[in-house]
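First comes the structure, then the notes that go with it.
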Amino acid sequence: MKILVIDDEKPTLSMFRLFLTAYGYEVHTAEDGEKGLDLFREIRPEIVFTDLKMPGLEGLEVLRQIRETGIASEVIIITGHGDMEKAVEALDLDASDFINKPVERRALSSALARAEKRRQMPGNLPFEMSGQEKEGALILSLKGKLSGSAGPLFIPLWESPGSGPGKEAILVFQDDFSIDKSGVGLLMETIQRLRQKNLAVTLENLSYNYMRIFQMAGIDKFAALKEAPTRD
């Protein structure tokens, strides 16, 4: 499987080449967005890592132009400290995942595992939510892309009678789950409404990097976050 890494920092490119080659990938690198896009069109990699902040074409524009090609590739955004707003913007362009600098091997493994799973699934899956009660807990399964337009699906949940103390709502994020900027707002509103019903809220099966995004968005102040198992 081919992977393209676009970053203007040579030490970062060397680190990615070392790790990804050890995982068995065919690794290609580019030192700026324009070279990266040219190489992308030439080799058509299955997975792309692109830095968010680079001279010339920044990561969001690289992601946008990759999506315009229509080539099916999973794009993982490399973010730095304070890049939360732009990282969330990347969700609207269907970024597969995020990985923060300095890059941790655990985060890299999580992003790769998620990208490989997404490649095996149909694209643009509509959002679906199903629920059941089990041992006093409300368990909600979320799959597909969550955006603000899915709000009507949550209204019955918001308007249902409240539960007594000790009850819990568990939101389980399936492997094909994705989210955009408006979806983050809808998720936050849903969590707050569930808490108003005296429900403790837990988000389960999150990728390591989605956990970081939700933490930066402040969701961890209102709900417990549980990471999905990752490969070593």
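By order of appearance in the structure tokens: chains A, B, ..., then residues from 1 within every chain, and ligands from 1 in the order shown.
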Distance query A:Ile213 at most 9 Å, only C-alpha atoms, self and fewer than 4 positions along chain excluded, as JSON, numbers by chain: {"A": [84, 87, 88, 98, 209, 217, 218, 219]}
Per residue of stretch 44-137 of chain A within 6 Å of stretch 142-164 of chain A, record the nearest atom pair and its distance in Å to one decimal, counting only C-alpha atoms, with rows in chain order and ascending residue number, as a tab-separated table.
residue	atom	partner	partner_atom	distance
A:Leu125	CA	A:Gly144	CA	4.8
A:Pro126	CA	A:Gly144	CA	5.1
A:Phe127	CA	A:Gly144	CA	4.2
A:Glu128	CA	A:Lys143	CA	5.3
A:Met129	CA	A:Leu142	CA	4.8
Residues flagged strand (DSSP E or B) by DSSP in stretch 87-173 of chain A, as a VMD selection string: chain A and resid 97 to 100 128 to 134 137 to 143 145 to 146 168 to 173
Exercise: A:Lys226 partners within 12 Å, only C-alpha atoms, chain neighbours under 2 positions left out, as a PyMOL selection string: chain A and resi 170-173+201-212+214-215+220+223-224+228-229
Just to be explicit: take each residue in the selection above, keep N, CA and C atoms, and write the result as a CSV table (one decimal), in the first residue's frame.
chain,number,residue,atom,x,y,z
A,170,ILE,N,-24.7,5.5,26.8
A,170,ILE,CA,-23.4,5.2,26.2
A,170,ILE,C,-23.5,5.3,24.7
A,171,LEU,N,-22.7,6.2,24.1
A,171,LEU,CA,-22.7,6.4,22.7
A,171,LEU,C,-21.5,5.6,22.1
A,172,VAL,N,-21.8,4.7,21.3
A,172,VAL,CA,-20.8,3.8,20.7
A,172,VAL,C,-20.5,4.2,19.3
A,173,PHE,N,-19.3,4.6,19.0
A,173,PHE,CA,-18.9,5.1,17.6
A,173,PHE,C,-18.4,4.0,16.8
A,201,VAL,N,-22.9,10.4,30.7
A,201,VAL,CA,-22.7,10.1,29.3
A,201,VAL,C,-21.3,9.6,29.1
A,202,THR,N,-21.2,8.5,28.3
A,202,THR,CA,-19.9,7.9,28.0
A,202,THR,C,-19.8,7.8,26.4
A,203,LEU,N,-18.7,8.2,25.8
A,203,LEU,CA,-18.4,8.0,24.4
A,203,LEU,C,-17.4,6.9,24.3
A,204,GLU,N,-17.8,5.8,23.6
A,204,GLU,CA,-16.9,4.6,23.5
A,204,GLU,C,-16.5,4.3,22.1
A,205,ASN,N,-15.4,3.6,22.0
A,205,ASN,CA,-14.8,3.1,20.7
A,205,ASN,C,-14.3,4.3,19.9
A,206,LEU,N,-13.7,5.3,20.5
A,206,LEU,CA,-13.2,6.5,19.8
A,206,LEU,C,-11.7,6.2,19.4
A,207,SER,N,-11.4,6.6,18.2
A,207,SER,CA,-10.0,6.6,17.8
A,207,SER,C,-9.2,7.5,18.7
A,208,TYR,N,-7.9,7.2,18.9
A,208,TYR,CA,-7.1,8.0,19.8
A,208,TYR,C,-7.1,9.5,19.3
A,209,ASN,N,-7.1,9.7,18.0
A,209,ASN,CA,-7.0,11.1,17.5
A,209,ASN,C,-8.4,11.8,17.6
A,210,TYR,N,-9.5,11.0,17.4
A,210,TYR,CA,-10.8,11.7,17.7
A,210,TYR,C,-10.9,12.1,19.1
A,211,MET,N,-10.4,11.2,20.0
A,211,MET,CA,-10.4,11.6,21.4
A,211,MET,C,-9.7,13.0,21.6
A,212,ARG,N,-8.6,13.2,21.0
A,212,ARG,CA,-7.8,14.4,21.1
A,212,ARG,C,-8.7,15.6,20.6
A,214,PHE,N,-12.0,15.8,20.4
A,214,PHE,CA,-13.1,16.0,21.3
A,214,PHE,C,-12.6,16.6,22.6
A,215,GLN,N,-11.4,16.3,23.0
A,215,GLN,CA,-10.9,16.9,24.2
A,215,GLN,C,-10.6,18.4,23.9
A,220,ASP,N,-14.9,16.5,26.7
A,220,ASP,CA,-14.5,15.6,27.8
A,220,ASP,C,-14.9,16.2,29.2
A,223,ALA,N,-18.6,14.5,29.2
A,223,ALA,CA,-18.8,13.1,29.0
A,223,ALA,C,-17.4,12.3,29.2
A,224,ALA,N,-17.5,11.1,29.6
A,224,ALA,CA,-16.3,10.2,29.7
A,224,ALA,C,-16.0,9.7,28.3
A,228,ALA,N,-10.9,3.3,21.5
A,228,ALA,CA,-11.0,2.0,20.9
A,228,ALA,C,-9.6,1.3,21.0
A,229,PRO,N,-9.6,-0.1,21.0
A,229,PRO,CA,-8.4,-0.8,21.0
A,229,PRO,C,-7.6,-0.5,19.7
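Using only C-alpha atoms, the contacts of A:Leu13 at a cut-off of 10 Å, with sequence neighbours closer than 3 positions omitted, comprise Val5, Ile6, Asp7, Asp8, Glu9, Lys10, Phe16, Arg17, Leu18, Val27, His28, Thr29, Ala30 and Glu31 of chain A.
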Hey, what's within 7 Å of stretch 32-49 of chain A if we count only C-alpha atoms and toss same-chain stuff fewer than 4 positions away? As a CSV table (one decimal) with C-alpha atoms, in the first residue's frame, please?
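Written output follows (around_19.csv):
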chain,number,residue,atom,x,y,z
A,1,MET,CA,0.0,0.0,0.0
A,2,LYS,CA,1.3,3.4,-0.9
A,3,ILE,CA,1.5,6.3,1.5
A,4,LEU,CA,2.3,9.9,0.7
A,5,VAL,CA,3.6,12.2,3.4
A,6,ILE,CA,3.6,16.0,2.8
A,7,ASP,CA,5.5,18.2,5.3
A,8,ASP,CA,8.0,21.0,5.0
A,54,MET,CA,3.2,24.8,5.3
A,56,GLY,CA,2.7,28.0,-0.1
A,57,LEU,CA,-0.2,25.6,-0.2
A,58,GLU,CA,-1.4,24.8,3.3
A,62,VAL,CA,-4.0,20.3,-0.3
A,73,SER,CA,-7.6,8.3,-0.7
A,74,GLU,CA,-7.7,8.6,3.1
A,75,VAL,CA,-6.2,12.0,4.1
A,76,ILE,CA,-4.8,12.4,7.6
A,77,ILE,CA,-4.1,15.9,8.8
A,78,ILE,CA,-0.9,16.6,10.8
Atom-to-atom span, atom CA of A:Leu187 and atom CA of A:Asp94, Å: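 It comes out at 17.2 Å.
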